[in-house]
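A.B. asks: Hey, dropping data_30.txt in here, compact mmCIF, C-alpha atoms and all ligand atoms:
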```
# COMPACT_ATOMS: atom_id res chain seq x y z
CA MET Y 1 117.25 -60.67 -69.54
CA ASN Y 2 116.20 -59.00 -66.31
CA LEU Y 3 118.62 -57.49 -63.82
CA GLY Y 4 118.67 -60.60 -61.61
CA ALA Y 5 119.67 -62.74 -64.57
CA TYR Y 6 122.46 -60.31 -65.45
CA ILE Y 7 123.79 -60.46 -61.92
CA ASP Y 8 123.67 -64.27 -61.98
CA THR Y 9 125.57 -64.39 -65.28
CA PHE Y 10 128.09 -61.94 -63.86
CA LEU Y 11 128.54 -64.08 -60.73
CA ASP Y 12 128.93 -67.14 -62.95
CA LEU Y 13 131.79 -65.38 -64.70
CA ILE Y 14 133.66 -64.06 -61.69
CA TYR Y 15 133.29 -66.93 -59.27
CA PRO Y 16 136.15 -69.31 -59.87
CA ARG Y 17 134.74 -72.81 -59.60
CA ASN Y 18 136.47 -75.83 -58.14
CA ILE Y 19 139.17 -73.89 -56.31
CA TYR Y 20 137.83 -74.02 -52.77
CA CYS Y 21 135.85 -76.72 -50.99
CA ILE Y 22 132.25 -75.54 -50.59
CA LEU Y 23 132.11 -76.99 -47.06
CA CYS Y 24 135.45 -76.20 -45.38
CA ASN Y 25 136.84 -73.56 -47.79
CA GLU Y 26 140.21 -75.37 -48.11
CA SER Y 27 141.78 -75.14 -51.54
CA ILE Y 28 141.19 -78.20 -53.68
CA LYS Y 29 142.35 -79.75 -56.93
CA LYS Y 30 140.38 -78.72 -59.99
CA THR Y 31 139.47 -82.33 -60.63
CA GLU Y 32 137.67 -82.72 -57.28
CA LYS Y 33 134.01 -83.57 -57.85
CA TYR Y 34 131.26 -81.11 -56.83
CA SER Y 35 133.91 -78.69 -55.50
CA LEU Y 36 134.32 -80.76 -52.32
CA CYS Y 37 137.67 -81.77 -50.81
CA SER Y 38 138.37 -85.47 -50.33
CA SER Y 39 137.60 -85.28 -46.62
CA CYS Y 40 134.33 -83.30 -46.94
CA ILE Y 41 132.92 -85.56 -49.62
CA GLN Y 42 133.00 -88.32 -46.98
CA LYS Y 43 130.64 -86.25 -44.85
CA ILE Y 44 127.96 -86.52 -47.49
CA LYS Y 45 125.61 -89.46 -47.42
CA PHE Y 46 124.48 -89.86 -51.00
CA ILE Y 47 121.14 -91.62 -51.36
CA GLU Y 48 122.20 -94.56 -53.46
CA GLY Y 49 120.68 -97.55 -51.70
CA ARG Y 50 117.03 -98.35 -51.12
CA ALA Y 51 114.71 -95.38 -51.31
CA CYS Y 52 110.97 -94.83 -50.97
CA GLU Y 53 109.37 -95.46 -54.34
CA LYS Y 54 107.10 -92.49 -53.92
CA CYS Y 55 109.12 -89.68 -52.33
CA GLY Y 56 112.73 -90.85 -52.63
CA LYS Y 57 113.60 -90.81 -48.92
CA PRO Y 58 116.26 -93.36 -48.00
CA LEU Y 59 115.03 -96.59 -46.39
CA GLU Y 60 116.81 -98.80 -43.87
CA ASP Y 61 117.62 -102.31 -45.05
CA PHE Y 62 115.47 -103.94 -42.36
CA TYR Y 63 112.40 -101.98 -43.51
CA PHE Y 64 110.69 -104.29 -45.95
CA LEU Y 65 108.02 -102.05 -47.53
CA GLN Y 66 108.61 -100.13 -50.77
CA GLU Y 67 107.20 -96.86 -49.49
CA CYS Y 68 108.24 -94.94 -46.39
CA PRO Y 69 105.79 -94.62 -43.44
CA ASP Y 70 105.05 -91.01 -44.44
CA CYS Y 71 103.95 -91.96 -47.94
CA ILE Y 72 101.83 -94.84 -46.68
CA LYS Y 73 99.94 -92.42 -44.43
CA THR Y 74 99.82 -89.36 -46.67
CA LYS Y 75 98.42 -88.91 -50.14
CA HIS Y 76 100.90 -87.04 -52.29
CA PHE Y 77 99.94 -85.04 -55.34
CA PHE Y 78 103.09 -85.81 -57.34
CA THR Y 79 103.96 -88.86 -59.42
CA LYS Y 80 107.40 -89.59 -57.99
CA GLY Y 81 110.09 -87.82 -55.99
CA PHE Y 82 113.87 -88.05 -55.93
CA SER Y 83 116.38 -86.73 -53.45
CA CYS Y 84 120.17 -86.75 -53.61
CA VAL Y 85 121.69 -86.62 -50.13
CA GLU Y 86 120.68 -87.17 -46.52
CA TYR Y 87 120.01 -83.95 -44.67
CA ASN Y 88 122.66 -84.22 -41.95
CA GLU Y 89 124.39 -81.40 -40.02
CA HIS Y 90 126.89 -80.79 -42.86
CA MET Y 91 124.16 -80.46 -45.47
CA LYS Y 92 122.24 -78.20 -43.11
CA GLU Y 93 125.28 -75.96 -42.97
CA LEU Y 94 125.67 -75.99 -46.74
CA VAL Y 95 122.04 -75.03 -47.38
CA TYR Y 96 122.32 -72.38 -44.65
CA LYS Y 97 125.36 -70.83 -46.31
CA LEU Y 98 123.49 -70.68 -49.61
CA LYS Y 99 120.26 -69.25 -48.21
CA TYR Y 100 121.36 -66.95 -45.45
CA LYS Y 101 125.00 -66.11 -46.18
CA ASN Y 102 124.38 -65.30 -49.81
CA GLN Y 103 126.91 -67.88 -51.05
CA ARG Y 104 125.05 -68.42 -54.30
CA TYR Y 105 127.84 -70.34 -56.01
CA ILE Y 106 126.96 -73.29 -53.75
CA ALA Y 107 123.75 -73.72 -55.78
CA TYR Y 108 125.81 -74.54 -58.86
CA HIS Y 109 127.45 -77.50 -57.14
CA MET Y 110 124.22 -78.66 -55.50
CA ALA Y 111 122.68 -78.64 -58.97
CA GLU Y 112 125.60 -80.75 -60.29
CA ILE Y 113 124.69 -83.40 -57.72
CA MET Y 114 121.00 -83.14 -58.69
CA VAL Y 115 121.80 -83.46 -62.39
CA ASP Y 116 123.78 -86.64 -61.75
CA LYS Y 117 120.79 -88.03 -59.86
CA LEU Y 118 118.40 -87.17 -62.70
CA LYS Y 119 120.70 -88.79 -65.24
CA LYS Y 120 120.86 -91.97 -63.16
CA GLN Y 121 117.06 -92.08 -62.95
CA LYS Y 122 116.93 -91.72 -66.72
CA LEU Y 123 114.23 -89.09 -66.39
CA SER Y 124 113.49 -87.68 -69.82
CA ASN Y 125 110.82 -85.68 -71.65
CA ILE Y 126 110.53 -83.00 -69.00
CA ASP Y 127 108.64 -80.08 -70.51
CA TYR Y 128 109.09 -77.64 -67.65
CA ILE Y 129 111.29 -77.39 -64.62
CA VAL Y 130 109.35 -75.47 -61.97
CA PRO Y 131 111.14 -74.04 -58.92
CA VAL Y 132 109.20 -73.96 -55.64
CA PRO Y 133 108.50 -70.22 -55.42
CA LEU Y 134 109.09 -67.87 -52.52
CA TYR Y 135 106.70 -65.15 -51.47
CA LYS Y 136 107.63 -61.97 -53.39
CA LYS Y 137 108.69 -59.98 -50.34
CA LYS Y 138 110.79 -62.84 -49.02
CA GLU Y 139 112.59 -63.25 -52.33
CA LYS Y 140 113.23 -59.52 -52.44
CA ASN Y 141 114.74 -59.57 -48.96
CA ARG Y 142 116.95 -62.57 -49.69
CA GLY Y 143 117.83 -61.27 -53.14
CA PHE Y 144 117.18 -64.60 -54.81
CA ASN Y 145 115.24 -67.84 -54.60
CA GLN Y 146 117.55 -70.82 -54.10
CA ALA Y 147 115.15 -73.13 -55.98
CA ASP Y 148 115.37 -70.74 -58.94
CA LEU Y 149 119.15 -70.99 -59.03
CA LEU Y 150 119.05 -74.79 -58.80
CA SER Y 151 116.45 -74.90 -61.59
CA LYS Y 152 118.50 -72.63 -63.81
CA TYR Y 153 121.60 -74.83 -63.58
CA ILE Y 154 119.63 -78.07 -63.94
CA GLY Y 155 117.84 -76.60 -66.97
CA LYS Y 156 121.13 -75.66 -68.61
CA ALA Y 157 122.71 -79.04 -67.97
CA MET Y 158 119.70 -81.11 -69.08
CA ASP Y 159 118.50 -78.75 -71.81
CA TRP Y 160 115.05 -78.46 -70.25
CA LYS Y 161 112.96 -75.28 -70.11
CA VAL Y 162 112.45 -73.54 -66.78
CA SER Y 163 109.06 -72.04 -65.99
CA ARG Y 164 109.81 -69.43 -63.35
CA LYS Y 165 106.73 -67.29 -63.14
CA ASN Y 166 103.79 -69.61 -63.63
CA LEU Y 167 103.69 -71.16 -60.18
CA ILE Y 168 103.68 -68.36 -57.63
CA LYS Y 169 103.41 -68.02 -53.88
CA ILE Y 170 100.54 -65.75 -52.98
CA LYS Y 171 100.58 -65.99 -49.17
CA ASP Y 172 103.34 -65.03 -46.77
CA THR Y 173 103.58 -68.13 -44.57
CA LYS Y 174 105.42 -68.89 -41.34
CA ALA Y 175 108.69 -70.87 -41.51
CA GLN Y 176 107.72 -74.53 -41.85
CA ASN Y 177 110.47 -75.96 -39.63
CA GLN Y 178 108.90 -74.58 -36.42
CA LEU Y 179 105.56 -76.24 -37.04
CA THR Y 180 104.00 -79.67 -36.51
CA ARG Y 181 102.83 -81.71 -39.47
CA ASN Y 182 99.22 -80.50 -39.22
CA GLU Y 183 100.24 -76.91 -38.67
CA ARG Y 184 102.43 -77.19 -41.75
CA LYS Y 185 99.49 -78.18 -43.89
CA ASN Y 186 97.26 -75.38 -42.62
CA ASN Y 187 100.07 -72.88 -42.90
CA LEU Y 188 100.40 -73.66 -46.60
CA LYS Y 189 96.69 -73.72 -47.39
CA ASP Y 190 96.05 -71.63 -50.51
CA ALA Y 191 99.62 -70.37 -50.39
CA PHE Y 192 100.43 -71.18 -54.03
CA SER Y 193 98.72 -70.52 -57.33
CA VAL Y 194 99.25 -71.31 -61.01
CA ARG Y 195 98.75 -68.25 -63.18
CA LEU Y 196 98.18 -69.89 -66.55
CA LEU Y 197 96.92 -73.45 -66.13
CA GLU Y 198 97.17 -74.18 -69.90
CA GLN Y 199 100.94 -73.93 -69.75
CA PHE Y 200 101.11 -77.12 -67.68
CA THR Y 201 98.31 -79.06 -69.37
CA ASP Y 202 99.53 -82.40 -70.74
CA LYS Y 203 103.10 -81.54 -69.78
CA ASN Y 204 105.69 -83.39 -67.74
CA ILE Y 205 106.71 -81.16 -64.85
CA LEU Y 206 109.78 -81.37 -62.63
CA LEU Y 207 109.33 -79.44 -59.41
CA VAL Y 208 112.60 -78.37 -57.78
CA ASP Y 209 113.32 -77.58 -54.12
CA ASP Y 210 116.38 -77.55 -51.88
CA VAL Y 211 115.12 -79.63 -48.95
CA TYR Y 212 112.28 -82.15 -48.72
CA THR Y 213 111.04 -82.74 -45.17
CA THR Y 214 107.44 -83.95 -44.85
CA GLY Y 215 106.58 -82.99 -48.41
CA SER Y 216 103.97 -80.41 -47.29
CA THR Y 217 105.50 -77.66 -49.40
CA VAL Y 218 105.79 -79.63 -52.63
CA ASP Y 219 102.32 -81.11 -52.05
CA ALA Y 220 100.86 -77.64 -51.66
CA CYS Y 221 102.49 -76.71 -54.98
CA CYS Y 222 101.40 -79.92 -56.73
CA ARG Y 223 97.83 -79.50 -55.49
CA GLU Y 224 97.70 -76.37 -57.66
CA ILE Y 225 99.63 -77.84 -60.59
CA VAL Y 226 97.30 -80.86 -60.89
CA LYS Y 227 94.44 -78.44 -61.61
CA ALA Y 228 96.13 -77.95 -64.99
CA ARG Y 229 95.94 -81.70 -65.69
CA PRO Y 230 99.62 -82.23 -66.40
CA LYS Y 231 100.89 -85.60 -67.61
CA LYS Y 232 103.26 -86.25 -64.72
CA ILE Y 233 104.75 -84.25 -61.89
CA TYR Y 234 108.18 -85.30 -60.67
CA VAL Y 235 109.89 -83.72 -57.70
CA ILE Y 236 113.59 -83.40 -57.09
CA SER Y 237 115.13 -82.04 -53.91
CA PHE Y 238 118.78 -81.74 -52.99
CA ALA Y 239 118.45 -83.18 -49.47
CA THR Y 240 115.94 -85.10 -47.41
CA GLY Y 241 115.65 -86.63 -43.94
CA LYS Y 242 115.05 -90.26 -43.09
CA ASN Y 243 111.82 -91.35 -41.51
CA ILE Y 244 112.70 -95.00 -41.07
ZN ZN Y 301 136.38 -79.64 -47.45
ZN ZN Y 302 108.14 -91.73 -49.03
```
Any chance you could put this one into structure tokens?
Ligand SMILES: [Zn+2]
Ligand SMILES: [Zn+2]

C.D. replies:
Amino acid sequence: MNLGAYIDTFLDLIYPRNIYCILCNESIKKTEKYSLCSSCIQKIKFIEGRACEKCGKPLEDFYFLQECPDCIKTKHFFTKGFSCVEYNEHMKELVYKLKYKNQRYIAYHMAEIMVDKLKKQKLSNIDYIVPVPLYKKKEKNRGFNQADLLSKYIGKAMDWKVSRKNLIKIKDTKAQNQLTRNERKNNLKDAFSVRLLEQFTDKNILLVDDVYTTGSTVDACCREIVKARPKKIYVISFATGKNI
């Protein structure tokens, strides 16, 4: 176990789960699901209705096609994507607290939501969970990679292996949220690399990220993973926006 893993295990031991609401910090009953109080759970829009068959974004009822406008226009490199909740202001705040306020315990509860989604989809035979990597320096500054934490908890709950070091980020890119769609693609060009292609050959891969926006990041990852000729690449994100 490396030092980071020790620290994570230590945090797992000392952080008392299901005592405070992860959104408003009010104390809650131990039985409350996902460590959310009864009022905050209402603020979450779970993606349970119609969703894009390719990327998993929620679809409006009036929209009659099976794939969202994004997926009709763009070729994706993954087999199928799933997402759990709509990325509204509350979810933005939650992800912000995890990433920039070092509230790592939030990842555990986000992963609980993701595990429930995976179970509902009856996804099985995953050989490797692969977290979307951060550039080394960025991970060092933040102290952790949120996708790593999510992958770790999902792996434990589903009994799937996590491959942490095979997909790596080799270019320090600009923050994606400030860029247009085309700039996003260029920004991520050659940003990722797979170290040992054989590890993913003929395997079912589940790529994990916190937020799915246009899919540029996961596509840039999958573009590298497909070089290994995997069986299937699934993608799961915690939150996603609507595009219809
Ligand atoms: Zn609350
Ligand atoms: Zn889509």

A.B. asks: Quick one, how far is CA of Thr217 in chain Y from CA of Tyr63 in chain Y?

C.D. replies: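 Answer for the CA of Thr217 in chain Y to CA of Tyr63 in chain Y separation: 26.0 Å.
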
A.B. asks: Need to verify the contact set: Ala220 in chain Y, 12 Å, only C-alpha atoms, exclusion of same-chain residues closer than 5 positions in sequence. Can you return it as a ChimeraX atom specification?

C.D. replies: /Y:75-78,132-133,167-171,184-194,207,214-215,225-227

A.B. asks: Using all atoms listed in the file, which protein or nucleic acid residues are at most 7 Å from ligand ZN 302 (chain Y), as a PyMOL selection string?

C.D. replies: chain Y and resi 52-57+67-71

A.B. asks: Counting only C-alpha atoms and all ligand atoms, what are the residues of chain Y within 12 Å of ligand ZN 301 (chain Y), and for each of them which pair of atoms is the nearest and at what distance in Å, to one decimal? Sort the table by chain and rising number, as CSV.

C.D. replies:
```
residue,atom,partner,partner_atom,distance
Y:Asn18,CA,Y:ZN301,ZN,11.3
Y:Ile19,CA,Y:ZN301,ZN,10.9
Y:Tyr20,CA,Y:ZN301,ZN,7.9
Y:Cys21,CA,Y:ZN301,ZN,4.6
Y:Ile22,CA,Y:ZN301,ZN,6.6
Y:Leu23,CA,Y:ZN301,ZN,5.0
Y:Cys24,CA,Y:ZN301,ZN,4.1
Y:Asn25,CA,Y:ZN301,ZN,6.1
Y:Glu26,CA,Y:ZN301,ZN,5.8
Y:Ser27,CA,Y:ZN301,ZN,8.1
Y:Ile28,CA,Y:ZN301,ZN,8.0
Y:Lys29,CA,Y:ZN301,ZN,11.2
Y:Glu32,CA,Y:ZN301,ZN,10.4
Y:Lys33,CA,Y:ZN301,ZN,11.4
Y:Tyr34,CA,Y:ZN301,ZN,10.8
Y:Ser35,CA,Y:ZN301,ZN,8.5
Y:Leu36,CA,Y:ZN301,ZN,5.4
Y:Cys37,CA,Y:ZN301,ZN,4.2
Y:Ser38,CA,Y:ZN301,ZN,6.8
Y:Ser39,CA,Y:ZN301,ZN,5.8
Y:Cys40,CA,Y:ZN301,ZN,4.2
Y:Ile41,CA,Y:ZN301,ZN,7.2
Y:Gln42,CA,Y:ZN301,ZN,9.3
Y:Lys43,CA,Y:ZN301,ZN,9.1
Y:Ile44,CA,Y:ZN301,ZN,10.9
Y:His90,CA,Y:ZN301,ZN,10.6
Y:Leu94,CA,Y:ZN301,ZN,11.3
```

A.B. asks: In Å to one decimal, how far is CA of Leu179 in chain Y from CA of Ile236 in chain Y?

C.D. replies: 22.8 Å

A.B. asks: Just want the 10 Å neighbourhood of Met158 in chain Y, counted on all atoms listed in the file, with same-chain residues fewer than 4 positions away dropped. Output as an NGL selection string.

C.D. replies: :Y and (115 or 118-119 or 124 or 126 or 153-154)

A.B. asks: Dig up all the protein and nucleic acid residues within 12 Å of (118.1, -66.0, -51.6) in the file frame, using all atoms listed in the file, and format them as a PyMOL selection string.

C.D. replies: chain Y and resi 4+8+95-107+133-150+210

A.B. asks: For a test of reading the model, state the distance in Å between CA of Thr180 in chain Y and CA of Tyr212 in chain Y, rounded to one decimal.

C.D. replies: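 Value for the CA of Thr180 in chain Y-CA of Tyr212 in chain Y distance: 15.0 Å.
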
A.B. asks: Need the axis-aligned box for range 43-53 of chain Y with 8 Å each side, so what are the centre and edges in Å to one decimal, as lines of an AutoDock Vina configuration file?

C.D. replies:
```
center_x = 120.0
center_y = -92.3
center_z = -49.6
size_x = 37.3
size_y = 28.1
size_z = 25.5
```

A.B. asks: Using all atoms listed in the file, which residue out of Y:Thr74, Y:Asn177, Y:Gln199, Y:Asn88 lies closest to Asp127 in chain Y?

C.D. replies: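 Smallest separation from Asp127 in chain Y among the options: Y:Gln199.
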
A.B. asks: When distances are computed from all atoms listed in the file, which of Y:Pro58, Y:Arg164, Y:Ser216, Y:Phe82 shows the smallest separation from Lys120 in chain Y?

C.D. replies: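 Nearest to Lys120 in chain Y: Y:Phe82.
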
A.B. asks: May I ask which of the residues Y:Glu183, Y:Gln176, Y:Ala228, Y:Lys122 is the closest one to Thr201 in chain Y, counting all atoms listed in the file?

C.D. replies: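 Going through Y:Glu183, Y:Gln176, Y:Ala228, Y:Lys122 one by one, the smallest distance to Thr201 in chain Y is for Y:Ala228.
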
A.B. asks: Which one of Y:Glu48, Y:Arg181, Y:Val162, Y:Asn243 sits closest to Lys117 in chain Y if you count all atoms listed in the file?

C.D. replies: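 Among Y:Glu48, Y:Arg181, Y:Val162, Y:Asn243, it is Y:Glu48 that comes nearest to Lys117 in chain Y.
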
A.B. asks: Can you work out which one of Y:Asn204, Y:Ile47, Y:Asn125, Y:Val235 has the shortest atom-to-atom distance to Glu60 in chain Y, counting all atoms listed in the file?

C.D. replies: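 Ranking Y:Asn204, Y:Ile47, Y:Asn125, Y:Val235 by distance to Glu60 in chain Y, first place goes to Y:Ile47.
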
A.B. asks: For Met114 in chain Y, which of Y:Ile72, Y:Val218, Y:Val208, Y:Met91 is the closest residue, counting all atoms listed in the file?

C.D. replies: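 Answer, going by the shortest atom-to-atom distance: Y:Val208.
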
A.B. asks: List as a ChimeraX atom specification the protein and nucleic acid residues near Thr79 in chain Y, meaning an atom at most 6 Å away when all atoms listed in the file are counted, but skip any in the same chain fewer than 6 places from it.

C.D. replies: /Y:232-234
